[in-house]
$ cat work14.cif   # mmCIF, C-alpha atoms and all ligand atoms
data_protein
#
loop_
_atom_site.label_atom_id
_atom_site.label_comp_id
_atom_site.auth_asym_id
_atom_site.auth_seq_id
_atom_site.Cartn_x
_atom_site.Cartn_y
_atom_site.Cartn_z
CA MET A 96 14.06 -14.76 20.83
CA ALA A 97 14.72 -15.45 17.15
CA ALA A 98 17.85 -14.05 15.54
CA GLU A 99 17.40 -10.98 13.31
CA PRO A 100 17.34 -12.09 9.66
CA PRO A 101 20.13 -10.74 7.45
CA THR A 102 19.37 -7.33 5.94
CA LYS A 103 21.24 -7.70 2.66
CA ALA A 104 19.04 -6.76 -0.30
CA PRO A 105 18.36 -9.63 -2.70
CA ARG A 106 19.90 -9.08 -6.15
CA PRO A 107 17.37 -8.11 -8.84
CA GLY A 108 16.75 -10.95 -11.28
CA PRO A 109 15.49 -10.99 -14.89
CA GLN A 110 12.01 -11.93 -13.73
CA ASP A 111 11.80 -9.04 -11.29
CA TRP A 112 9.34 -6.21 -11.61
CA ARG A 113 10.07 -2.55 -11.21
CA VAL A 114 8.45 0.85 -11.11
CA ALA A 115 9.79 3.46 -13.48
CA GLU A 116 8.90 7.08 -13.99
CA ALA A 117 7.10 7.56 -10.68
CA ARG A 118 6.06 11.17 -10.32
CA PHE A 119 3.99 13.12 -7.86
CA GLU A 120 0.85 14.57 -9.43
CA THR A 121 -1.15 16.40 -6.81
CA SER A 122 -2.43 16.50 -3.25
CA ALA A 123 -6.22 16.71 -3.10
CA PRO A 124 -8.39 17.48 -0.08
CA SER A 125 -11.36 15.66 -1.65
CA LEU A 126 -12.36 13.27 -4.42
CA ALA A 127 -13.67 16.22 -6.45
CA LEU A 128 -10.14 17.62 -6.71
CA ALA A 129 -8.47 14.31 -7.63
CA PRO A 130 -6.83 13.93 -11.05
CA ALA A 131 -9.10 12.78 -13.89
CA ALA A 132 -9.94 9.10 -13.49
CA ASP A 133 -8.04 7.98 -16.57
CA LEU A 134 -5.63 5.30 -15.31
CA PRO A 135 -6.08 2.07 -13.35
CA GLU A 136 -5.52 3.05 -9.76
CA PHE A 137 -4.43 1.54 -6.47
CA ALA A 138 -4.80 3.15 -3.07
CA VAL A 139 -2.45 2.70 -0.14
CA ALA A 140 -3.84 2.86 3.39
CA GLY A 141 -2.45 2.14 6.81
CA ARG A 142 -2.15 3.53 10.27
CA SER A 143 0.51 6.18 10.84
CA ASN A 144 3.90 4.57 11.29
CA ALA A 145 2.83 1.36 9.50
CA GLY A 146 5.68 1.95 7.06
CA LYS A 147 3.74 3.42 4.13
CA SER A 148 6.26 6.04 3.02
CA SER A 149 9.14 3.58 3.34
CA LEU A 150 7.28 0.99 1.28
CA LEU A 151 6.32 3.45 -1.47
CA ASN A 152 9.88 4.71 -1.61
CA ALA A 153 11.26 1.15 -1.74
CA LEU A 154 8.83 0.14 -4.48
CA THR A 155 9.54 3.13 -6.64
CA GLY A 156 13.24 3.31 -5.85
CA ARG A 157 12.78 7.03 -5.16
CA THR A 158 13.74 7.96 -1.64
CA GLY A 159 12.02 11.34 -1.62
CA LEU A 160 8.77 10.36 -3.31
CA ALA A 161 6.67 9.78 -0.24
CA ARG A 162 7.94 11.53 2.84
CA THR A 163 8.75 9.27 5.74
CA SER A 164 7.05 10.35 8.87
CA ALA A 165 9.31 12.90 10.51
CA ALA A 166 5.96 14.40 11.52
CA PRO A 167 3.49 11.51 11.54
CA GLY A 168 0.00 12.45 10.49
CA ARG A 169 1.22 15.46 8.54
CA THR A 170 -0.03 14.25 5.21
CA GLN A 171 -3.77 14.62 5.72
CA LEU A 172 -4.54 14.73 2.02
CA LEU A 173 -5.03 12.30 -0.84
CA ASN A 174 -1.64 12.25 -2.58
CA PHE A 175 -1.61 11.06 -6.19
CA PHE A 176 1.36 9.63 -8.08
CA ALA A 177 1.53 8.47 -11.69
CA MET A 178 3.84 5.56 -12.36
CA THR A 179 4.75 2.92 -14.89
CA ILE A 180 5.16 -0.68 -13.79
CA PHE A 181 7.44 -2.91 -15.84
CA GLY A 182 7.57 -6.70 -15.61
CA PRO A 183 8.52 -9.54 -17.93
CA GLY A 184 6.60 -8.69 -21.11
CA THR A 185 4.48 -6.09 -19.32
CA ARG A 186 4.22 -2.31 -19.19
CA LEU A 187 1.43 -0.75 -17.17
CA ASP A 188 0.67 2.94 -16.69
CA VAL A 189 -1.09 3.33 -13.36
CA ARG A 190 -1.88 5.81 -10.62
CA CYS A 191 -1.30 5.47 -6.90
CA ALA A 192 -3.39 7.27 -4.30
CA ASP A 193 -1.54 7.56 -1.02
CA LEU A 194 -4.28 7.94 1.61
CA PRO A 195 -3.72 9.76 4.90
CA GLY A 196 -2.39 7.60 7.71
CA TYR A 197 -4.90 7.02 10.47
CA GLY A 198 -4.72 6.61 14.16
CA TYR A 199 -1.94 8.94 15.16
CA ALA A 200 -2.99 10.36 18.49
CA ALA A 201 -1.15 13.69 18.16
CA VAL A 202 -3.22 14.70 15.12
CA PRO A 203 -5.81 17.27 16.19
CA THR A 204 -9.35 15.90 16.52
CA ALA A 205 -10.59 18.21 13.76
CA VAL A 206 -8.13 16.60 11.35
CA ARG A 207 -9.02 13.09 12.50
CA ASP A 208 -12.71 13.84 12.06
CA GLY A 209 -11.99 14.93 8.50
CA PHE A 210 -10.59 11.52 7.61
CA ALA A 211 -13.79 9.58 6.90
CA PRO A 212 -15.52 12.38 4.90
CA MET A 213 -12.48 12.56 2.64
CA VAL A 214 -11.51 8.90 2.33
CA GLU A 215 -14.90 7.20 2.31
CA PRO A 216 -16.25 8.91 -0.85
CA TYR A 217 -12.93 8.24 -2.55
CA LEU A 218 -13.03 4.53 -1.73
CA GLN A 219 -16.71 4.20 -2.51
CA SER A 220 -16.87 6.09 -5.79
CA ARG A 221 -13.49 6.47 -7.50
CA GLU A 222 -14.31 4.67 -10.77
CA THR A 223 -10.78 3.62 -11.65
CA LEU A 224 -9.88 2.26 -8.20
CA ARG A 225 -9.03 -1.43 -8.63
CA VAL A 226 -6.83 -2.36 -5.69
CA LEU A 227 -6.67 -1.29 -2.05
CA LEU A 228 -3.42 -2.00 -0.22
CA VAL A 229 -3.83 -2.01 3.56
CA LEU A 230 -0.42 -1.82 5.21
CA VAL A 231 -0.11 -3.45 8.61
CA ASP A 232 3.02 -3.64 10.77
CA ALA A 233 3.77 -7.37 10.72
CA ARG A 234 4.67 -7.32 14.40
CA ARG A 235 1.04 -6.52 15.05
CA GLY A 236 -2.22 -7.50 13.41
CA PRO A 237 -4.84 -5.44 11.62
CA ASP A 238 -6.81 -3.16 13.94
CA ASP A 239 -10.36 -1.78 13.77
CA ARG A 240 -9.40 1.04 11.44
CA ASP A 241 -7.71 -1.33 9.01
CA ILE A 242 -10.86 -3.43 9.01
CA ALA A 243 -13.00 -0.29 8.47
CA MET A 244 -10.96 0.53 5.35
CA ILE A 245 -11.60 -2.94 3.97
CA GLU A 246 -15.29 -2.60 4.74
CA TYR A 247 -15.54 0.69 2.80
CA VAL A 248 -14.79 -1.22 -0.41
CA ALA A 249 -16.59 -4.45 0.42
CA ASP A 250 -19.41 -3.77 -2.08
CA ARG A 251 -17.11 -2.73 -4.89
CA PRO A 252 -15.09 -4.73 -7.45
CA ILE A 253 -11.84 -3.83 -5.70
CA ALA A 254 -9.15 -6.32 -4.71
CA VAL A 255 -7.86 -5.91 -1.16
CA LEU A 256 -4.24 -6.81 -0.46
CA VAL A 257 -3.17 -6.76 3.17
CA VAL A 258 0.53 -6.00 3.16
CA GLY A 259 2.54 -6.87 6.26
CA THR A 260 5.38 -4.36 6.58
CA LYS A 261 8.73 -4.57 8.42
CA GLY A 262 8.82 -8.32 7.71
CA ASP A 263 12.54 -8.25 8.58
CA LYS A 264 11.42 -8.00 12.20
CA LEU A 265 9.73 -11.42 12.01
CA ALA A 266 11.55 -14.73 12.06
CA ALA A 267 11.16 -16.48 8.70
CA SER A 268 9.16 -19.22 10.41
CA ASP A 269 6.63 -16.69 11.70
CA ARG A 270 5.91 -15.05 8.35
CA GLY A 271 3.74 -17.87 7.03
CA LEU A 272 1.91 -18.03 10.36
CA TRP A 273 1.21 -14.30 10.16
CA THR A 274 -0.26 -14.41 6.66
CA LYS A 275 -2.37 -17.43 7.54
CA ALA A 276 -3.72 -15.87 10.72
CA VAL A 277 -4.48 -12.50 9.10
CA ALA A 278 -6.19 -14.09 6.10
CA GLY A 279 -8.27 -16.24 8.45
CA ASP A 280 -9.25 -13.32 10.69
CA LEU A 281 -10.26 -11.07 7.80
CA GLY A 282 -11.87 -13.79 5.66
CA LEU A 283 -9.44 -13.11 2.80
CA ASP A 284 -7.83 -15.53 0.40
CA ARG A 285 -4.30 -16.22 1.59
CA ARG A 286 -2.91 -14.96 -1.71
CA ASN A 287 -4.23 -11.52 -0.72
CA VAL A 288 -1.99 -11.30 2.34
CA LEU A 289 1.72 -10.61 1.77
CA ILE A 290 4.76 -9.85 3.85
CA THR A 291 7.26 -7.25 2.74
CA SER A 292 10.26 -5.37 4.03
CA ALA A 293 11.23 -1.93 2.81
CA ARG A 294 14.52 -2.43 4.61
CA THR A 295 15.66 -5.68 2.95
CA LYS A 296 13.40 -5.29 -0.14
CA ASP A 297 12.08 -8.80 0.45
CA GLY A 298 8.59 -9.49 -0.87
CA LEU A 299 8.54 -6.53 -3.23
CA VAL A 300 9.62 -7.21 -6.79
CA GLY A 301 10.25 -10.95 -7.20
CA ARG A 302 7.80 -13.69 -8.07
CA GLY A 303 4.79 -13.63 -5.72
CA GLY A 304 5.90 -10.27 -4.32
CA LEU A 305 3.84 -7.13 -3.93
CA LEU A 306 4.62 -5.51 -7.29
CA PRO A 307 3.74 -8.47 -9.54
CA GLU A 308 0.66 -9.24 -7.44
CA LEU A 309 -0.42 -5.62 -7.65
CA ALA A 310 0.23 -5.46 -11.41
CA ARG A 311 -1.77 -8.63 -11.98
CA ARG A 312 -4.82 -7.13 -10.29
CA LEU A 313 -4.41 -3.72 -11.92
CA SER A 314 -4.26 -5.22 -15.38
CA ALA A 315 -7.29 -7.45 -14.90
CA GLU A 316 -10.40 -6.20 -16.66
CA PRO A 317 -12.86 -4.77 -14.13
CA PRO A 318 -15.76 -7.23 -13.70
P1 LIG A 401 4.41 5.82 7.66
O1 LIG A 401 4.05 6.73 8.78
O2 LIG A 401 3.39 4.75 7.51
O3 LIG A 401 4.73 6.51 6.37
O4 LIG A 401 5.74 5.03 8.13
P2 LIG A 401 7.29 5.24 7.77
O5 LIG A 401 7.60 4.74 6.42
O6 LIG A 401 7.67 6.63 8.10
O7 LIG A 401 7.96 4.20 8.82
C1 LIG A 401 7.70 4.26 10.19
C2 LIG A 401 8.87 3.67 10.94
O8 LIG A 401 9.03 2.30 10.62
C3 LIG A 401 10.20 4.35 10.60
O9 LIG A 401 10.96 4.43 11.77
C4 LIG A 401 10.83 3.39 9.61
O10 LIG A 401 12.24 3.44 9.62
C5 LIG A 401 10.34 2.05 10.11
N1 LIG A 401 10.24 1.09 8.99
C6 LIG A 401 9.58 1.27 7.83
N2 LIG A 401 9.72 0.20 7.01
C7 LIG A 401 10.51 -0.67 7.67
C8 LIG A 401 11.03 -1.99 7.35
O11 LIG A 401 10.81 -2.58 6.30
N3 LIG A 401 11.77 -2.60 8.33
C9 LIG A 401 12.03 -2.01 9.52
N4 LIG A 401 12.76 -2.71 10.39
N5 LIG A 401 11.58 -0.79 9.85
C10 LIG A 401 10.83 -0.12 8.94
#
$ encode --input "work14.cif" --output "structure tokens"
Amino acid sequence: MAAEPPTKAPRPGPQDWRVAEARFETSAPSLALAPAADLPEFAVAGRSNAGKSSLLNALTGRTGLARTSAAPGRTQLLNFFAMTIFGPGTRLDVRCADLPGYGYAAVPTAVRDGFAPMVEPYLQSRETLRVLLVLVDARRGPDDRDIAMIEYVADRPIAVLVVGTKGDKLAASDRGLWTKAVAGDLGLDRRNVLITSARTKDGLVGRGGLLPELARRLSAEPP
């Protein structure tokens, strides 16, 4: 068994990116009740327990912004956050849609059945949606529901980034193998598969990390 990698956070450097002014806007039960589509938007999806709240909190530096799952499956709504992303020479005002986690068995069937009618129209018709992040526990691979999320946006000009979470649980030598295997399985470009750790902050704000890769796709003109 490989040794656990160190968990010391890397020091922020001058080329690092950051999120400032992240604020919760609203929870909406449907696309119709979402905030006006007036900012470039990214959506965050993943099965319950994939590490979504931890990642959003680590990215924004705000521990209470997205609740970590004391009660997994509780957040069965579209949660919207406005935020500003800063990078070298860049300032971007964007919106994040935190989608309900899927696949938690203890959620009542009625709630589970409500997932697709809420999320599918959002993914298929939100005009400002540019990027879909699909969070996958890096100790596992994407499952059928992760693949279904990617398929919802397949016909749209939306970049998909598959984000391996809890990368600190993988040996460094396995991280490249994971991204290669996942990209191959899903037919994605390897640059669209990343490994992150909310715990060590690796893969988040430095060159090639999630935040600059996200910002690059959010600032691209829609085709
Ligand atoms: P969510 O249900 O997708 O919002 O997942 P959470 O953010 O609540 O995380 C689920 C579990 O994974 C919690 O026990 C977290 O402490 C753990 N976790 C989340 N991110 C990391 C990480 O980067 N590294 C490790 N080792 N554990 C993590």
$ closest_atom_pairs --input "work14.cif" --of "chain A" --to "ligand LIG 401 (chain A)" --cutoff "6 Å" --atoms "only C-alpha atoms and all ligand atoms" --output "Markdown table"
| residue | atom | partner | partner_atom | distance |
| --- | --- | --- | --- | --- |
| A:Ser143 | CA | A:LIG401 | O1 | 4.1 |
| A:Asn144 | CA | A:LIG401 | O1 | 3.3 |
| A:Ala145 | CA | A:LIG401 | O2 | 4.0 |
| A:Gly146 | CA | A:LIG401 | O4 | 3.3 |
| A:Lys147 | CA | A:LIG401 | O2 | 3.6 |
| A:Ser148 | CA | A:LIG401 | O3 | 3.7 |
| A:Ser149 | CA | A:LIG401 | O5 | 3.6 |
| A:Thr163 | CA | A:LIG401 | O6 | 3.7 |
| A:Ser164 | CA | A:LIG401 | O6 | 3.8 |
| A:Pro167 | CA | A:LIG401 | O1 | 5.5 |
| A:Thr260 | CA | A:LIG401 | O11 | 5.7 |
| A:Lys261 | CA | A:LIG401 | O11 | 3.6 |
| A:Asp263 | CA | A:LIG401 | N3 | 5.7 |
| A:Lys264 | CA | A:LIG401 | N4 | 5.7 |
| A:Ser292 | CA | A:LIG401 | O11 | 3.6 |
| A:Ala293 | CA | A:LIG401 | O11 | 3.6 |
| A:Arg294 | CA | A:LIG401 | O11 | 4.1 |
$ atom_distance --input "work14.cif" --atom1 "CA of Thr121 (chain A)" --atom2 "CA of Leu154 (chain A)"
19.2 Å
$ closest_residue --input "work14.cif" --among "A:Leu309, A:Leu283, A:Val248, A:Ala153" --to "Thr295 (chain A)" --atoms "all atoms listed in the file"
A:Ala153
$ atom_distance --input "work14.cif" --atom1 "CA of Ala233 (chain A)" --atom2 "CA of Thr274 (chain A)"
9.1 Å
$ residues_around --input "work14.cif" --residues "Pro307 (chain A)" --least-positions-apart "5" --cutoff "12 Å" --atoms "all atoms listed in the file" --output "compact mmCIF listing (two decimals) with C-alpha atoms, in the coordinates of the input"
# COMPACT_ATOMS: atom_id res chain seq x y z
CA GLN A 110 12.01 -11.93 -13.73
CA ASP A 111 11.80 -9.04 -11.29
CA TRP A 112 9.34 -6.21 -11.61
CA ARG A 113 10.07 -2.55 -11.21
CA VAL A 114 8.45 0.85 -11.11
CA LEU A 154 8.83 0.14 -4.48
CA ILE A 180 5.16 -0.68 -13.79
CA PHE A 181 7.44 -2.91 -15.84
CA GLY A 182 7.57 -6.70 -15.61
CA PRO A 183 8.52 -9.54 -17.93
CA GLY A 184 6.60 -8.69 -21.11
CA THR A 185 4.48 -6.09 -19.32
CA ARG A 186 4.22 -2.31 -19.19
CA LEU A 187 1.43 -0.75 -17.17
CA LEU A 289 1.72 -10.61 1.77
CA GLY A 298 8.59 -9.49 -0.87
CA LEU A 299 8.54 -6.53 -3.23
CA VAL A 300 9.62 -7.21 -6.79
CA GLY A 301 10.25 -10.95 -7.20
CA ARG A 302 7.80 -13.69 -8.07
CA ARG A 312 -4.82 -7.13 -10.29
CA LEU A 313 -4.41 -3.72 -11.92
CA SER A 314 -4.26 -5.22 -15.38
$ atom_distance --input "work14.cif" --atom1 "CA of Glu120 (chain A)" --atom2 "CA of Phe175 (chain A)"
5.4 Å
$ residues_around --input "work14.cif" --residues "region 123-126 of chain A" --least-positions-apart "3" --cutoff "8 Å" --atoms "only C-alpha atoms" --output "list in words"
Ala129, Gln171, Leu172, Leu173, Asn174, Phe175, Met213, Val214, Pro216, Tyr217 and Arg221 of chain A
$ residues_near_point --input "work14.cif" --point "(-13.5, -11.7, 4.5)" --cutoff "10 Å" --atoms "all atoms listed in the file" --output "number ranges by chain"
A: 242, 245-246, 249, 255, 278-284
$ decode --input "work14.cif" --residues "region 175-245 of chain A" --atoms "C-alpha atoms" --output "tab-separated table (two decimals), in the first residue's frame"
chain	number	residue	atom	x	y	z
A	175	PHE	CA	-26.95	29.44	-7.05
A	176	PHE	CA	-23.86	31.41	-6.00
A	177	ALA	CA	-22.43	34.56	-7.55
A	178	MET	CA	-18.67	34.86	-7.43
A	179	THR	CA	-15.72	36.73	-8.85
A	180	ILE	CA	-12.69	34.83	-10.09
A	181	PHE	CA	-9.35	36.62	-10.05
A	182	GLY	CA	-6.22	35.44	-11.86
A	183	PRO	CA	-3.12	37.07	-13.29
A	184	GLY	CA	-4.56	39.95	-15.33
A	185	THR	CA	-8.09	38.54	-15.12
A	186	ARG	CA	-11.31	39.36	-13.31
A	187	LEU	CA	-14.41	37.33	-14.11
A	188	ASP	CA	-17.89	37.70	-12.63
A	189	VAL	CA	-19.59	34.31	-12.84
A	190	ARG	CA	-22.35	32.22	-11.35
A	191	CYS	CA	-22.15	28.71	-9.95
A	192	ALA	CA	-25.11	26.33	-9.89
A	193	ASP	CA	-24.64	23.65	-7.28
A	194	LEU	CA	-26.81	20.74	-8.48
A	195	PRO	CA	-28.34	18.20	-6.09
A	196	GLY	CA	-26.13	15.23	-5.32
A	197	TYR	CA	-27.41	11.99	-6.81
A	198	GLY	CA	-27.38	8.42	-5.77
A	199	TYR	CA	-27.78	8.60	-2.03
A	200	ALA	CA	-29.90	5.61	-1.12
A	201	ALA	CA	-31.51	7.14	1.98
A	202	VAL	CA	-33.18	9.90	-0.04
A	203	PRO	CA	-36.87	9.08	-0.45
A	204	THR	CA	-37.83	7.75	-3.88
A	205	ALA	CA	-40.12	10.74	-4.49
A	206	VAL	CA	-37.13	13.06	-4.10
A	207	ARG	CA	-34.92	10.89	-6.30
A	208	ASP	CA	-37.60	10.82	-8.98
A	209	GLY	CA	-37.67	14.61	-8.90
A	210	PHE	CA	-34.01	14.82	-9.83
A	211	ALA	CA	-34.20	14.40	-13.61
A	212	PRO	CA	-37.24	16.70	-14.13
A	213	MET	CA	-35.38	19.46	-12.28
A	214	VAL	CA	-31.83	18.98	-13.52
A	215	GLU	CA	-32.40	17.93	-17.12
A	216	PRO	CA	-34.21	21.11	-18.25
A	217	TYR	CA	-31.57	23.17	-16.46
A	218	LEU	CA	-28.71	21.40	-18.24
A	219	GLN	CA	-30.47	21.38	-21.58
A	220	SER	CA	-31.73	24.95	-21.70
A	221	ARG	CA	-29.91	27.29	-19.32
A	222	GLU	CA	-28.56	29.78	-21.90
A	223	THR	CA	-25.58	30.98	-19.90
A	224	LEU	CA	-24.34	27.52	-18.86
A	225	ARG	CA	-20.81	27.13	-20.24
A	226	VAL	CA	-19.12	24.50	-18.09
A	227	LEU	CA	-20.30	21.36	-16.32
A	228	LEU	CA	-18.06	20.05	-13.55
A	229	VAL	CA	-18.70	16.39	-12.75
A	230	LEU	CA	-17.08	15.50	-9.45
A	231	VAL	CA	-15.96	11.92	-9.03
A	232	ASP	CA	-14.25	10.39	-5.99
A	233	ALA	CA	-10.78	9.61	-7.36
A	234	ARG	CA	-10.71	6.30	-5.51
A	235	ARG	CA	-13.52	5.22	-7.80
A	236	GLY	CA	-14.42	5.92	-11.40
A	237	PRO	CA	-17.40	7.67	-12.94
A	238	ASP	CA	-20.64	5.70	-12.62
A	239	ASP	CA	-23.77	5.56	-14.78
A	240	ARG	CA	-25.25	8.69	-13.23
A	241	ASP	CA	-22.09	10.68	-13.85
A	242	ILE	CA	-22.20	9.55	-17.46
A	243	ALA	CA	-25.91	10.49	-17.69
A	244	MET	CA	-25.06	14.03	-16.57
A	245	ILE	CA	-22.46	14.32	-19.31
